[in-house]
Structure formats: structure tokens, C-alpha cells
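Participant: One structure coming up, written as C-alpha cells, with questions to follow.
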Amino acid sequence: MGKSPDSLLLVVSGPSGSGKNTLINFILESRENVSHSVSATTRPPRGKEQNGVDYYFLTFEEFGKLADEGGFFEFDEYRENRYGTLKSDVVRRLEAGNNVVLDLTVPGAVNLKKEFGDKAKAVFIFPPSMKILKERLVARASDSDETIKKRMRFAHESEIDKYGEFDYVIYNDVLEDSKNAILSIYDSLTSCDRKAKKTAEKYKLANSREFAENLVKKLREEADEI
Ligand code: 5GP
């Protein structure tokens, strides 16, 4: 599948509670011609969420049918529901000349990279610490203790070591620094801004491997202590 040569497909992912939503919203607030892809999900709408705006809310049957028809670039399961990147939605945005930002589970991001290769850029967001990750999940008050334990285990056993399949890594410790990082990455990929390119270099996987390896070790040790 090709994409309009000038448009960017930017995937932002990380464990639940890593702060990826805040960083995505910051890009959307700070830049024009960029939109958030609207995924399909089987989970019911929350609060003021609207069909076609926040998600396309589908039944399991509708989702399964669309998956069989090849309507998704990737799909994944999260908290007993299904989430999928709709080909139709992403292609429409790219063809309208927009850059597209996607907020995906870690396995979803890895699968999207497999589909698009270097045509999509993926950013992995590391949580500041396992303790803060847990605090954020608790503060959301949407999960039982058992689910929080499951998410924490999943984060440290299956998610944090997938950073090696991403193009950039951000350690979301100081929010202002992370905002600066994500915007530099975005600008470096969509403009000729030299300062942004220089800053973004620091966050490229190739330049962060040692840092990321040590971070994973630290997060693992913290997880063992919780
Ligand atoms: P929520 O139910 O809180 O809106 O989203 C739950 C999780 O689903 C988030 O981690 C979000 O990144 C992920 N998600 C949303 N849309 C998609 C999608 O199309 N594909 C995948 N793989 N994950 C998604």
C-alpha cells in the first residue's frame, strides 16, 4: 500500500499509562494539517464520545466481518475488546494531504510497521517508572486491582522490550522535555527545520540503545519490587 509522498504516518505507542495521549494531543494542538486517525472498536462509547469522531463503534460481528474483508491495516485486542486501524480512514486522511497520527497498542504499532516499513515512523513512549505507571492506572479508576496487575505484568513482560522495533524512543519523565521531543520528531519529519532535526537525532533508536537498555533494566527491577 502506498501513501501520498509528502504525508507522514506517525505511530505513537507505549504501555497503557505511559502518557502517549498527552503527547499526541500536544502535536494536534501545536500543528496544522495533522489529524488523528479514527479507529474501529468493539468497546462501548464512554462519556461524550461520538461515533465517527472518537471511534467507529462496531459490534464484534461487524468488526470480525471487516477484518475478514481486509479492512484493517492492523488490529489488536485490549481489555477484552478489539481495536483496528481502518484502511479507509487512514487513506482518506493521507490523500487529503494530512499527516496522520495513530495511537496504538504496542503489538498494533509493531504490526503497522510491518505493513508500512519505513513509510511509517513509530515512537515508543517509556513510562517514567513502574510506580508512576501503576499510579496512573489506579487514578483512572476504570480498572479493577486484578486488571491493573495484569496490565503491569503485560507492560514489563511484553511491551517495554519491544522498543527495539520502533524508530524513536522517548523517556516520558519530565513532561515539558517529552513534548519538546515529540514535536521535534514531528517537525524533523515534516519540515526542513534544522533545529528540530538536530534535537530529533537524540531520540532516534540508533542513538538511544544503551540508554533504553538501561531503562528497561531499571523498569524491570522496579516491577519486581511492586
Ligand atoms: P481506549 O479504550 O482507552 O480508547 O483505548 C485503549 C487502547 O487501544 C489504547 O492503548 C490505544 O492506544 C489502543 N488503540 C486505539 N485504537 C487502536 C487501533 O486502531 N489499533 C490498536 N492496535 N490499538 C488501538
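Here's how to read the names in the C-alpha cells: chain A, B, ... by the order shown, residue numbers from 1 in each chain, ligand numbers from 1 in the order shown.
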Show which residues sit within 12 Å of His36 in chain A, as JSON, numbers by chain. Count only C-alpha atoms, and ignore same-chain residues fewer than 3 positions away.
Facilitator: {"A": [8, 9, 10, 11, 12, 21, 24, 25, 26, 27, 28, 29, 31, 32, 33, 39, 52, 53, 54, 55, 85, 89, 90, 92, 93, 94, 98, 99, 100, 101, 102, 103, 104]}
Participant: Excluding Phe116 in chain A and its own-chain neighbours fewer than 2 positions away, which residues fall within 12 Å of it when counting only C-alpha atoms? Please give them as an MDAnalysis selection string.
Facilitator: chainID A and resid 1:3 8:11 73:74 109:114 118:122
Participant: Only N, CA and C atoms, please: the residues just picked out, written as a PDB file, in the first residue's frame.
Facilitator:
```pdb
ATOM      1  N   MET A   1       0.852  -1.204   0.000  1.00  0.00           N
ATOM      2  CA  MET A   1       0.000   0.000   0.000  1.00  0.00           C
ATOM      3  C   MET A   1       0.878   1.242   0.000  1.00  0.00           C
ATOM      4  N   GLY A   2       0.691   2.145  -0.932  1.00  0.00           N
ATOM      5  CA  GLY A   2       1.499   3.350  -0.968  1.00  0.00           C
ATOM      6  C   GLY A   2       0.845   4.454  -0.168  1.00  0.00           C
ATOM      7  N   LYS A   3       1.541   5.555  -0.041  1.00  0.00           N
ATOM      8  CA  LYS A   3       0.912   6.699   0.619  1.00  0.00           C
ATOM      9  C   LYS A   3       1.384   7.946  -0.082  1.00  0.00           C
ATOM     10  N   LEU A   8       2.958  12.261   6.374  1.00  0.00           N
ATOM     11  CA  LEU A   8       3.626  11.449   7.395  1.00  0.00           C
ATOM     12  C   LEU A   8       2.606  10.575   8.127  1.00  0.00           C
ATOM     13  N   LEU A   9       3.002   9.348   8.364  1.00  0.00           N
ATOM     14  CA  LEU A   9       2.209   8.446   9.194  1.00  0.00           C
ATOM     15  C   LEU A   9       3.019   8.236  10.467  1.00  0.00           C
ATOM     16  N   LEU A  10       2.576   8.823  11.560  1.00  0.00           N
ATOM     17  CA  LEU A  10       3.347   8.763  12.806  1.00  0.00           C
ATOM     18  C   LEU A  10       2.591   7.948  13.856  1.00  0.00           C
ATOM     19  N   VAL A  11       3.192   6.852  14.262  1.00  0.00           N
ATOM     20  CA  VAL A  11       2.559   5.982  15.252  1.00  0.00           C
ATOM     21  C   VAL A  11       3.173   6.271  16.620  1.00  0.00           C
ATOM     22  N   PHE A  73      -5.490  -2.102   8.582  1.00  0.00           N
ATOM     23  CA  PHE A  73      -4.039  -2.224   8.435  1.00  0.00           C
ATOM     24  C   PHE A  73      -3.470  -3.104   9.534  1.00  0.00           C
ATOM     25  N   GLU A  74      -4.088  -3.049  10.687  1.00  0.00           N
ATOM     26  CA  GLU A  74      -3.717  -3.897  11.834  1.00  0.00           C
ATOM     27  C   GLU A  74      -4.895  -3.899  12.779  1.00  0.00           C
ATOM     28  N   ALA A 109       1.278  -1.294  16.950  1.00  0.00           N
ATOM     29  CA  ALA A 109       2.306  -0.438  16.333  1.00  0.00           C
ATOM     30  C   ALA A 109       3.328  -1.298  15.592  1.00  0.00           C
ATOM     31  N   VAL A 110       3.713  -2.412  16.210  1.00  0.00           N
ATOM     32  CA  VAL A 110       4.700  -3.295  15.579  1.00  0.00           C
ATOM     33  C   VAL A 110       4.124  -3.856  14.272  1.00  0.00           C
ATOM     34  N   ASN A 111       2.845  -4.223  14.295  1.00  0.00           N
ATOM     35  CA  ASN A 111       2.219  -4.757  13.075  1.00  0.00           C
ATOM     36  C   ASN A 111       2.069  -3.695  11.998  1.00  0.00           C
ATOM     37  N   LEU A 112       1.759  -2.478  12.406  1.00  0.00           N
ATOM     38  CA  LEU A 112       1.633  -1.410  11.413  1.00  0.00           C
ATOM     39  C   LEU A 112       2.987  -1.135  10.755  1.00  0.00           C
ATOM     40  N   LYS A 113       4.054  -1.194  11.554  1.00  0.00           N
ATOM     41  CA  LYS A 113       5.402  -1.006  10.993  1.00  0.00           C
ATOM     42  C   LYS A 113       5.703  -2.118   9.983  1.00  0.00           C
ATOM     43  N   LYS A 114       5.233  -3.331  10.284  1.00  0.00           N
ATOM     44  CA  LYS A 114       5.464  -4.440   9.350  1.00  0.00           C
ATOM     45  C   LYS A 114       4.777  -4.154   8.027  1.00  0.00           C
ATOM     46  N   ASP A 118       9.395   1.546   6.411  1.00  0.00           N
ATOM     47  CA  ASP A 118       9.936   2.862   6.723  1.00  0.00           C
ATOM     48  C   ASP A 118       8.996   4.001   6.327  1.00  0.00           C
ATOM     49  N   LYS A 119       7.890   3.655   5.667  1.00  0.00           N
ATOM     50  CA  LYS A 119       6.932   4.703   5.279  1.00  0.00           C
ATOM     51  C   LYS A 119       6.135   5.195   6.482  1.00  0.00           C
ATOM     52  N   ALA A 120       6.164   4.421   7.564  1.00  0.00           N
ATOM     53  CA  ALA A 120       5.543   4.898   8.812  1.00  0.00           C
ATOM     54  C   ALA A 120       6.654   5.051   9.836  1.00  0.00           C
ATOM     55  N   LYS A 121       6.559   6.074  10.656  1.00  0.00           N
ATOM     56  CA  LYS A 121       7.557   6.261  11.710  1.00  0.00           C
ATOM     57  C   LYS A 121       6.880   5.985  13.047  1.00  0.00           C
ATOM     58  N   ALA A 122       7.576   5.258  13.900  1.00  0.00           N
ATOM     59  CA  ALA A 122       6.952   4.866  15.168  1.00  0.00           C
ATOM     60  C   ALA A 122       7.773   5.349  16.358  1.00  0.00           C
TER      61      ALA A 122
END
```
Participant: Where does DSSP see helix (DSSP H, G or I) in range 35-107 of chain A, if you list the residues as a list of chain:residue names?
Facilitator: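 Secondary structure check on range 35-107 of chain A, helix (DSSP H, G or I): A:Phe60, A:Glu61, A:Glu62, A:Phe63, A:Gly64, A:Lys65, A:Leu66, A:Ala67, A:Asp68, A:Lys87, A:Ser88, A:Asp89, A:Val90, A:Val91, A:Arg92, A:Arg93, A:Leu94, A:Glu95, A:Val106, A:Pro107.
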Participant: Report the residues of range 17-202 of chain A whose backbone DSSP state falls under strand (DSSP E), written as a PDB file with C-alpha atoms, in the first residue's frame.
Facilitator:
```pdb
ATOM      1  CA  VAL A  34      -2.305  16.828  11.064  1.00  0.00           C
ATOM      2  CA  SER A  35      -5.138  14.607  12.182  1.00  0.00           C
ATOM      3  CA  HIS A  36      -5.693  11.657  14.449  1.00  0.00           C
ATOM      4  CA  ALA A  40     -12.794   0.994  14.931  1.00  0.00           C
ATOM      5  CA  THR A  41     -13.507  -0.632  18.276  1.00  0.00           C
ATOM      6  CA  TYR A  56     -16.268   3.843  14.865  1.00  0.00           C
ATOM      7  CA  PHE A  57     -18.157   1.746  17.394  1.00  0.00           C
ATOM      8  CA  PHE A  72      -7.741  -3.017   8.633  1.00  0.00           C
ATOM      9  CA  PHE A  73      -4.039  -2.224   8.435  1.00  0.00           C
ATOM     10  CA  GLU A  74      -3.717  -3.897  11.834  1.00  0.00           C
ATOM     11  CA  PHE A  75      -5.932  -4.876  14.728  1.00  0.00           C
ATOM     12  CA  ASP A  76      -5.391  -5.976  18.298  1.00  0.00           C
ATOM     13  CA  GLU A  77      -7.203  -6.937  21.485  1.00  0.00           C
ATOM     14  CA  TYR A  78      -7.118  -4.780  24.564  1.00  0.00           C
ATOM     15  CA  ASN A  81     -12.239  -5.589  23.154  1.00  0.00           C
ATOM     16  CA  ARG A  82     -10.939  -5.282  19.629  1.00  0.00           C
ATOM     17  CA  TYR A  83      -9.337  -2.183  18.131  1.00  0.00           C
ATOM     18  CA  GLY A  84      -8.328  -1.738  14.499  1.00  0.00           C
ATOM     19  CA  THR A  85      -6.773   0.842  12.181  1.00  0.00           C
ATOM     20  CA  LEU A  86      -9.229   1.342   9.347  1.00  0.00           C
ATOM     21  CA  ASN A  99      -0.214  13.989   8.241  1.00  0.00           C
ATOM     22  CA  VAL A 100      -1.744  11.254  10.337  1.00  0.00           C
ATOM     23  CA  VAL A 101      -1.010  10.377  13.951  1.00  0.00           C
ATOM     24  CA  LEU A 102      -2.046   6.981  15.299  1.00  0.00           C
ATOM     25  CA  ASP A 103      -2.361   5.943  18.911  1.00  0.00           C
ATOM     26  CA  LEU A 104      -1.903   2.174  19.013  1.00  0.00           C
ATOM     27  CA  ALA A 120       5.543   4.898   8.812  1.00  0.00           C
ATOM     28  CA  LYS A 121       7.557   6.261  11.710  1.00  0.00           C
ATOM     29  CA  ALA A 122       6.952   4.866  15.168  1.00  0.00           C
ATOM     30  CA  VAL A 123       7.702   6.440  18.531  1.00  0.00           C
ATOM     31  CA  PHE A 124       7.896   4.372  21.713  1.00  0.00           C
ATOM     32  CA  ILE A 125       6.979   6.163  24.931  1.00  0.00           C
ATOM     33  CA  PHE A 126       8.639   4.826  28.073  1.00  0.00           C
ATOM     34  CA  TYR A 168      12.355   6.714  18.132  1.00  0.00           C
ATOM     35  CA  VAL A 169      12.167   6.362  21.890  1.00  0.00           C
ATOM     36  CA  ILE A 170      11.101   8.987  24.412  1.00  0.00           C
ATOM     37  CA  TYR A 171      11.518   8.584  28.145  1.00  0.00           C
TER      38      TYR A 171
END
```
Participant: Could you jot down the CA of Ser191 in chain A to CA of Asp173 in chain A separation for me, Å, one decimal place?
Facilitator: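 Pair CA of Ser191 in chain A / CA of Asp173 in chain A returns 26.6 Å.
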